[in-house]
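Text of structure_5.csv (CSV, C-alpha atoms) as supplied:
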```csv
chain,number,residue,atom,x,y,z
O,211,ILE,CA,77.0,76.9,92.5
O,212,LEU,CA,76.3,77.8,96.0
O,213,ASN,CA,73.8,80.5,97.2
O,214,VAL,CA,74.9,83.3,99.5
O,215,GLU,CA,71.9,84.9,101.2
O,216,GLN,CA,71.7,88.0,103.4
O,217,SER,CA,69.1,89.2,105.8
O,218,PRO,CA,67.4,91.5,106.4
O,219,GLN,CA,67.3,93.1,102.9
O,220,SER,CA,67.1,96.6,104.5
O,221,LEU,CA,66.8,98.2,107.9
O,222,HIS,CA,66.8,101.6,109.4
O,223,VAL,CA,68.1,102.4,112.8
O,224,GLN,CA,68.6,105.5,114.9
O,225,GLU,CA,72.0,107.1,115.5
O,226,GLY,CA,73.6,105.4,118.5
O,227,ASP,CA,71.8,102.1,118.0
O,228,SER,CA,73.7,98.9,117.6
O,229,THR,CA,72.7,96.5,114.9
O,230,ASN,CA,73.6,93.3,113.2
O,231,PHE,CA,72.9,91.4,110.0
O,232,THR,CA,73.4,87.9,108.7
O,233,CYS,CA,75.1,86.2,105.8
O,234,SER,CA,74.4,82.6,105.2
O,235,PHE,CA,76.2,80.2,102.9
O,236,PRO,CA,76.5,76.5,102.3
O,237,SER,CA,78.8,75.0,104.8
O,238,SER,CA,80.3,72.3,102.6
O,239,ASN,CA,83.6,73.0,100.9
O,240,PHE,CA,84.0,76.3,102.6
O,241,TYR,CA,87.0,78.5,101.5
O,242,ALA,CA,86.4,82.0,102.8
O,243,LEU,CA,83.8,84.7,103.6
O,244,HIS,CA,84.2,88.3,102.5
O,245,TRP,CA,82.4,91.4,103.8
O,246,TYR,CA,82.3,94.6,101.9
O,247,ARG,CA,80.8,98.0,102.5
O,248,TRP,CA,79.2,99.8,99.5
O,249,GLU,CA,78.2,103.5,99.8
O,250,THR,CA,75.9,105.0,97.3
O,251,ALA,CA,77.6,106.2,94.1
O,252,LYS,CA,80.9,104.7,95.2
O,253,SER,CA,82.5,101.3,94.8
O,254,PRO,CA,82.6,98.4,97.3
O,255,GLU,CA,85.3,98.5,99.9
O,256,ALA,CA,86.6,95.4,101.7
O,257,LEU,CA,85.9,95.1,105.4
O,258,PHE,CA,87.0,91.6,106.3
O,259,VAL,CA,88.0,88.3,104.8
O,260,MET,CA,87.4,85.4,107.2
O,261,THR,CA,88.6,81.8,106.8
O,262,LEU,CA,88.6,80.1,110.2
O,263,ASN,CA,85.5,78.7,112.1
O,264,GLY,CA,85.0,80.8,115.2
O,265,ASP,CA,87.0,83.7,113.8
O,266,GLU,CA,86.1,87.1,114.9
O,267,LYS,CA,87.4,90.3,113.3
O,268,LYS,CA,87.0,93.9,114.2
O,269,LYS,CA,87.5,97.3,112.5
O,270,GLY,CA,86.6,100.2,114.6
O,271,ARG,CA,82.9,99.9,115.6
O,272,ILE,CA,82.3,97.1,113.0
O,273,SER,CA,83.0,93.4,113.8
O,274,ALA,CA,82.2,90.1,112.3
O,275,THR,CA,82.0,86.5,113.4
O,276,LEU,CA,82.1,83.3,111.4
O,277,ASN,CA,80.5,79.9,111.8
O,278,THR,CA,81.6,77.6,109.0
O,279,LYS,CA,79.9,74.5,110.5
O,280,GLU,CA,76.4,75.9,110.3
O,281,GLY,CA,77.2,78.3,107.4
O,282,TYR,CA,76.6,81.8,108.7
O,283,SER,CA,78.4,85.0,109.5
O,284,TYR,CA,77.2,88.0,111.5
O,285,LEU,CA,78.2,91.6,111.0
O,286,TYR,CA,77.8,93.9,114.0
O,287,ILE,CA,77.9,97.7,114.1
O,288,LYS,CA,78.1,99.2,117.5
O,289,GLY,CA,76.7,102.7,118.1
O,290,SER,CA,75.6,103.3,114.5
O,291,GLN,CA,76.5,106.7,112.9
O,292,PRO,CA,74.9,108.3,109.8
O,293,GLU,CA,78.1,107.7,107.9
O,294,ASP,CA,77.6,103.9,108.4
O,295,SER,CA,74.6,104.2,106.0
O,296,ALA,CA,75.6,101.9,103.1
O,297,THR,CA,74.9,98.5,101.6
O,298,TYR,CA,76.8,95.7,103.3
O,299,LEU,CA,77.7,92.8,101.0
O,300,CYS,CA,79.0,89.3,101.8
O,301,ALA,CA,80.5,86.9,99.3
O,302,SER,CA,82.0,83.5,99.3
O,303,PRO,CA,84.2,81.7,96.7
O,304,ASN,CA,82.4,79.2,94.5
O,305,ALA,CA,83.2,75.8,96.0
O,306,GLY,CA,84.1,74.4,92.7
O,307,ASN,CA,86.3,77.4,91.7
O,308,ASN,CA,87.6,79.5,94.5
O,309,ARG,CA,88.7,82.2,92.1
O,310,LYS,CA,85.2,83.4,91.7
O,311,LEU,CA,83.1,85.0,94.4
O,312,ILE,CA,79.3,84.4,94.7
O,313,TRP,CA,77.7,87.5,96.1
O,314,GLY,CA,74.7,88.1,98.3
O,315,LEU,CA,72.3,90.8,97.4
O,316,GLY,CA,73.3,92.9,100.4
O,317,THR,CA,71.7,94.5,103.5
O,318,SER,CA,70.9,98.2,103.0
O,319,LEU,CA,71.4,100.1,106.3
O,320,GLY,CA,70.1,103.6,106.9
O,321,VAL,CA,71.1,105.4,110.1
O,322,ASN,CA,68.9,108.3,111.0
O,323,PRO,CA,70.5,111.2,112.9
A,90,ASN,CA,99.5,103.3,94.2
A,91,ALA,CA,96.5,104.4,92.1
A,92,GLY,CA,94.8,101.0,92.7
A,93,VAL,CA,92.3,100.0,90.1
A,94,THR,CA,91.5,102.7,87.5
A,95,GLN,CA,88.5,102.5,85.2
A,96,THR,CA,87.7,104.7,82.2
A,97,PRO,CA,85.4,106.2,81.2
A,98,LYS,CA,83.2,107.1,84.2
A,99,PHE,CA,80.1,107.6,82.0
A,100,ARG,CA,79.2,106.7,78.5
A,101,ILE,CA,76.1,106.8,76.3
A,102,LEU,CA,76.0,104.5,73.4
A,103,LYS,CA,73.5,104.0,70.6
A,104,ILE,CA,72.2,100.5,69.8
A,105,GLY,CA,74.7,98.6,67.7
A,106,GLN,CA,77.7,100.8,68.6
A,107,SER,CA,80.8,99.3,70.1
A,108,MET,CA,83.2,100.4,72.8
A,109,THR,CA,85.9,99.3,75.2
A,110,LEU,CA,85.8,99.8,78.9
A,111,GLN,CA,89.4,100.2,80.2
A,112,CYS,CA,90.7,98.8,83.5
A,113,THR,CA,94.2,98.9,84.8
A,114,GLN,CA,95.7,98.1,88.2
A,115,ASP,CA,99.2,98.9,89.5
A,116,MET,CA,99.3,96.4,92.4
A,117,ASN,CA,100.6,93.5,90.4
A,118,HIS,CA,97.5,91.5,91.2
A,119,ASN,CA,97.0,88.1,89.5
A,120,TYR,CA,93.2,88.1,89.4
A,121,MET,CA,91.1,90.6,87.6
A,122,TYR,CA,87.3,90.7,87.2
A,123,TRP,CA,84.5,92.5,85.4
A,124,TYR,CA,81.2,92.8,87.1
A,125,ARG,CA,77.9,94.5,86.2
A,126,GLN,CA,75.5,95.8,88.7
A,127,ASP,CA,71.8,96.1,87.9
A,128,PRO,CA,69.3,97.5,90.4
A,129,GLY,CA,68.1,94.8,92.8
A,130,MET,CA,70.2,92.2,91.1
A,131,GLY,CA,73.5,92.4,92.9
A,132,LEU,CA,76.9,91.9,91.3
A,133,LYS,CA,77.1,89.6,88.3
A,134,LEU,CA,80.4,88.3,87.0
A,135,ILE,CA,81.0,88.9,83.3
A,136,TYR,CA,84.5,87.7,82.8
A,137,TYR,CA,87.6,87.1,85.0
A,138,SER,CA,91.3,86.4,84.5
A,139,VAL,CA,93.8,84.6,86.7
A,140,GLY,CA,96.8,86.0,84.9
A,141,ALA,CA,98.2,87.5,81.7
A,142,GLY,CA,97.0,85.5,78.7
A,143,ILE,CA,94.3,83.6,80.7
A,144,THR,CA,90.6,84.6,80.7
A,145,ASP,CA,87.4,82.8,81.5
A,146,LYS,CA,83.6,83.4,81.4
A,147,GLY,CA,81.6,84.3,84.4
A,148,GLU,CA,77.8,84.2,84.9
A,149,VAL,CA,76.8,86.7,82.1
A,150,PRO,CA,79.4,86.8,79.4
A,151,ASN,CA,77.2,87.1,76.3
A,152,GLY,CA,77.7,90.3,74.3
A,153,TYR,CA,81.1,90.9,75.9
A,154,ASN,CA,84.8,90.1,75.2
A,155,VAL,CA,87.9,90.5,77.2
A,156,SER,CA,91.7,90.2,76.8
A,157,ARG,CA,94.6,90.1,79.3
A,158,SER,CA,97.8,90.8,77.4
A,159,THR,CA,99.5,92.2,80.5
A,160,THR,CA,99.2,91.8,84.2
A,161,GLU,CA,98.0,95.4,84.6
A,162,ASP,CA,95.3,95.7,81.9
A,163,PHE,CA,92.0,94.0,81.5
A,164,PRO,CA,89.8,95.8,79.0
A,165,LEU,CA,86.1,94.8,78.4
A,166,ARG,CA,84.8,95.0,74.9
A,167,LEU,CA,81.2,95.5,73.8
A,168,GLU,CA,80.8,94.8,70.1
A,169,LEU,CA,77.1,95.4,69.4
A,170,ALA,CA,75.6,97.4,72.2
A,171,ALA,CA,72.1,96.5,73.3
A,172,PRO,CA,69.7,98.2,75.7
A,173,SER,CA,70.1,95.2,78.0
A,174,GLN,CA,73.7,96.2,78.5
A,175,THR,CA,72.7,99.4,80.2
A,176,SER,CA,74.3,99.0,83.7
A,177,VAL,CA,77.1,100.0,86.0
A,178,TYR,CA,80.3,98.1,85.3
A,179,PHE,CA,83.0,97.5,87.9
A,180,CYS,CA,86.5,96.2,87.4
A,181,ALA,CA,88.2,94.6,90.4
A,182,SER,CA,91.5,92.8,91.2
A,183,ARG,CA,93.0,90.8,94.0
A,184,PRO,CA,96.2,89.0,94.6
A,185,LEU,CA,96.6,85.2,95.2
A,186,GLY,CA,95.1,83.6,98.3
A,187,ASP,CA,92.2,84.6,100.4
A,188,SER,CA,92.6,88.3,99.8
A,189,PRO,CA,89.8,90.9,99.3
A,190,LEU,CA,88.9,92.5,96.0
A,191,HIS,CA,89.9,96.0,95.2
A,192,PHE,CA,87.3,97.8,93.0
A,193,GLY,CA,87.6,100.5,90.5
A,194,ASN,CA,85.2,103.5,90.7
A,195,GLY,CA,82.8,102.0,88.1
A,196,THR,CA,81.6,103.0,84.6
A,197,ARG,CA,77.9,103.9,84.1
A,198,LEU,CA,76.9,102.9,80.6
A,199,THR,CA,73.6,103.7,79.0
A,200,VAL,CA,72.6,102.1,75.7
A,201,THR,CA,69.7,103.8,73.9
```

What would you get if you wrote out this structure as structure tokens?
Amino acid sequence: ILNVEQSPQSLHVQEGDSTNFTCSFPSSNFYALHWYRWETAKSPEALFVMTLNGDEKKKGRISATLNTKEGYSYLYIKGSQPEDSATYLCASPNAGNNRKLIWGLGTSLGVNP
Amino acid sequence: NAGVTQTPKFRILKIGQSMTLQCTQDMNHNYMYWYRQDPGMGLKLIYYSVGAGITDKGEVPNGYNVSRSTTEDFPLRLELAAPSQTSVYFCASRPLGDSPLHFGNGTRLTVT
């Protein structure tokens, strides 16, 4: 079973700041890397599923990159807004069973107005 | 499409009681999952299913049972509720391939 790790555990930024966080995963037998956004008292919502080394995806002010050779993905938020406050989770399928996702513990982002 | 629907939203059980958490999806997804989320612990997989009639254990299956008689429904059964099962439970589904999960709104269960 692989480990998916996220850093930092939490951070607070001011409205308008840009920020980024990291998801690391074992690079062997890579299948895919998922990013989710989880607001308090709601359920996780998918942001991106990334499969190709060097891939970059964008959704509004949020973008993500993927490096499968070194086993990391970055999530970027440009010009943070208070509504971006949430926990951001990454997950990757278990190398031995790609039907199951192994989840990181998330990065909790607070954006101060 | 309603997506993934979970019921109930909240429930309080006494130790030793049993209950079924319902989950249904209308997207014809093959894969369905049950997770629990405890503070500071992240999402833990309880059971999952790759299609009707097929279920398999996740990381924390003890104390739970599931069935998948149809593509749409994936109920989670607690037979003898214990305080350790106090948690928020999420059902999720996804189609084949490298597709994201779609989550239900969660069930907050308290066992006292």

**Request:** Might you pull out every residue within 8 Å of range 95-102 of chain A, with all atoms listed in the file counted and same-chain residues fewer than 5 positions away left off, and present them as a list in words?
**Result:** Ser107, Leu110, Gln111, Cys112, Thr113, Ala170, Phe179, Cys180, Gly193, Asn194, Gly195, Thr196, Arg197, Leu198, Thr199, Val200 and Thr201 of chain A

**Request:** Give me, as an MDAnalysis selection string, the contact residues of chain A against chain O at a cut-off of 12 Å, counting only C-alpha atoms.
**Result:** chainID A and resid 93:95 98 119:140 144:148 177:197

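The two atoms in question, CA of Ile272 in chain O and CA of Leu221 in chain O, are spaced 16.4 Å apart.
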
**Message:** To one decimal place in Å, what is the distance between CA of Tyr298 in chain O and CA of Glu266 in chain O?
**Reply:** 17.2 Å

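Residues within 8 Å of Tyr286 in chain O, counting only C-alpha atoms and excluding same-chain residues fewer than 6 positions away, are Ser228, Thr229, Asn230, Phe231, Ile272, Ser273 and Ala274 of chain O.
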
Could you write out that same residue set with C-alpha atoms as a compact mmCIF listing (two decimals), in the frame of the given file?
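Generated file (again.txt):
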```txt
# COMPACT_ATOMS: atom_id res chain seq x y z
CA SER O 228 73.70 98.90 117.60
CA THR O 229 72.70 96.50 114.90
CA ASN O 230 73.60 93.30 113.20
CA PHE O 231 72.90 91.40 110.00
CA ILE O 272 82.30 97.10 113.00
CA SER O 273 83.00 93.40 113.80
CA ALA O 274 82.20 90.10 112.30
```

How would you write as a PDB file with C-alpha atoms, in the frame of the given file the residues that get within 8 Å of (78.0, 92.9, 77.0) in the file's frame, counting all atoms listed in the file?
```pdb
ATOM      1  CA  PRO A 150      79.400  86.800  79.400  1.00  0.00           C
ATOM      2  CA  ASN A 151      77.200  87.100  76.300  1.00  0.00           C
ATOM      3  CA  GLY A 152      77.700  90.300  74.300  1.00  0.00           C
ATOM      4  CA  TYR A 153      81.100  90.900  75.900  1.00  0.00           C
ATOM      5  CA  ASN A 154      84.800  90.100  75.200  1.00  0.00           C
ATOM      6  CA  ARG A 166      84.800  95.000  74.900  1.00  0.00           C
ATOM      7  CA  LEU A 167      81.200  95.500  73.800  1.00  0.00           C
ATOM      8  CA  GLU A 168      80.800  94.800  70.100  1.00  0.00           C
ATOM      9  CA  ALA A 170      75.600  97.400  72.200  1.00  0.00           C
ATOM     10  CA  ALA A 171      72.100  96.500  73.300  1.00  0.00           C
ATOM     11  CA  GLN A 174      73.700  96.200  78.500  1.00  0.00           C
TER      12      GLN A 174
END
```

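Taking CA of Glu161 in chain A as the reference point, CA of Gly92 in chain A is found at 10.4 Å.
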
May I ask you to restore N, CA, C and O atoms in range 274-286 of chain O and write the result as a PDB file, in the frame of the given file?
```pdb
ATOM      1  N   ALA O 274      82.813  91.209 112.945  1.00  0.00           N
ATOM      2  CA  ALA O 274      82.200  90.100 112.300  1.00  0.00           C
ATOM      3  C   ALA O 274      82.588  88.792 112.899  1.00  0.00           C
ATOM      4  O   ALA O 274      83.706  88.659 113.398  1.00  0.00           O
ATOM      5  N   THR O 275      81.664  87.831 112.877  1.00  0.00           N
ATOM      6  CA  THR O 275      82.000  86.500 113.400  1.00  0.00           C
ATOM      7  C   THR O 275      81.666  85.486 112.260  1.00  0.00           C
ATOM      8  O   THR O 275      80.931  85.787 111.306  1.00  0.00           O
ATOM      9  N   LEU O 276      82.221  84.292 112.410  1.00  0.00           N
ATOM     10  CA  LEU O 276      82.100  83.300 111.400  1.00  0.00           C
ATOM     11  C   LEU O 276      81.830  81.917 111.984  1.00  0.00           C
ATOM     12  O   LEU O 276      82.546  81.495 112.909  1.00  0.00           O
ATOM     13  N   ASN O 277      80.808  81.237 111.474  1.00  0.00           N
ATOM     14  CA  ASN O 277      80.500  79.900 111.800  1.00  0.00           C
ATOM     15  C   ASN O 277      80.450  79.037 110.570  1.00  0.00           C
ATOM     16  O   ASN O 277      79.460  79.062 109.843  1.00  0.00           O
ATOM     17  N   THR O 278      81.532  78.333 110.280  1.00  0.00           N
ATOM     18  CA  THR O 278      81.600  77.600 109.000  1.00  0.00           C
ATOM     19  C   THR O 278      80.844  76.251 109.123  1.00  0.00           C
ATOM     20  O   THR O 278      80.442  75.707 108.101  1.00  0.00           O
ATOM     21  N   LYS O 279      80.640  75.741 110.336  1.00  0.00           N
ATOM     22  CA  LYS O 279      79.900  74.500 110.500  1.00  0.00           C
ATOM     23  C   LYS O 279      78.456  74.596 110.159  1.00  0.00           C
ATOM     24  O   LYS O 279      77.864  73.709 109.544  1.00  0.00           O
ATOM     25  N   GLU O 280      77.863  75.722 110.587  1.00  0.00           N
ATOM     26  CA  GLU O 280      76.400  75.900 110.300  1.00  0.00           C
ATOM     27  C   GLU O 280      76.218  76.904 109.154  1.00  0.00           C
ATOM     28  O   GLU O 280      75.081  77.122 108.742  1.00  0.00           O
ATOM     29  N   GLY O 281      77.272  77.480 108.637  1.00  0.00           N
ATOM     30  CA  GLY O 281      77.200  78.300 107.400  1.00  0.00           C
ATOM     31  C   GLY O 281      76.571  79.662 107.606  1.00  0.00           C
ATOM     32  O   GLY O 281      75.652  80.039 106.871  1.00  0.00           O
ATOM     33  N   TYR O 282      77.076  80.425 108.578  1.00  0.00           N
ATOM     34  CA  TYR O 282      76.600  81.800 108.700  1.00  0.00           C
ATOM     35  C   TYR O 282      77.706  82.697 109.257  1.00  0.00           C
ATOM     36  O   TYR O 282      78.635  82.248 109.928  1.00  0.00           O
ATOM     37  N   SER O 283      77.548  83.985 108.963  1.00  0.00           N
ATOM     38  CA  SER O 283      78.400  85.000 109.500  1.00  0.00           C
ATOM     39  C   SER O 283      77.550  86.196 109.914  1.00  0.00           C
ATOM     40  O   SER O 283      76.567  86.516 109.234  1.00  0.00           O
ATOM     41  N   TYR O 284      77.879  86.808 111.048  1.00  0.00           N
ATOM     42  CA  TYR O 284      77.200  88.000 111.500  1.00  0.00           C
ATOM     43  C   TYR O 284      78.100  89.205 111.380  1.00  0.00           C
ATOM     44  O   TYR O 284      79.294  89.123 111.662  1.00  0.00           O
ATOM     45  N   LEU O 285      77.527  90.320 110.943  1.00  0.00           N
ATOM     46  CA  LEU O 285      78.200  91.600 111.000  1.00  0.00           C
ATOM     47  C   LEU O 285      77.545  92.485 111.982  1.00  0.00           C
ATOM     48  O   LEU O 285      76.322  92.638 111.950  1.00  0.00           O
ATOM     49  N   TYR O 286      78.323  93.040 112.896  1.00  0.00           N
ATOM     50  CA  TYR O 286      77.800  93.900 114.000  1.00  0.00           C
ATOM     51  C   TYR O 286      78.315  95.319 113.790  1.00  0.00           C
ATOM     52  O   TYR O 286      79.485  95.521 113.463  1.00  0.00           O
TER      53      TYR O 286
END
```
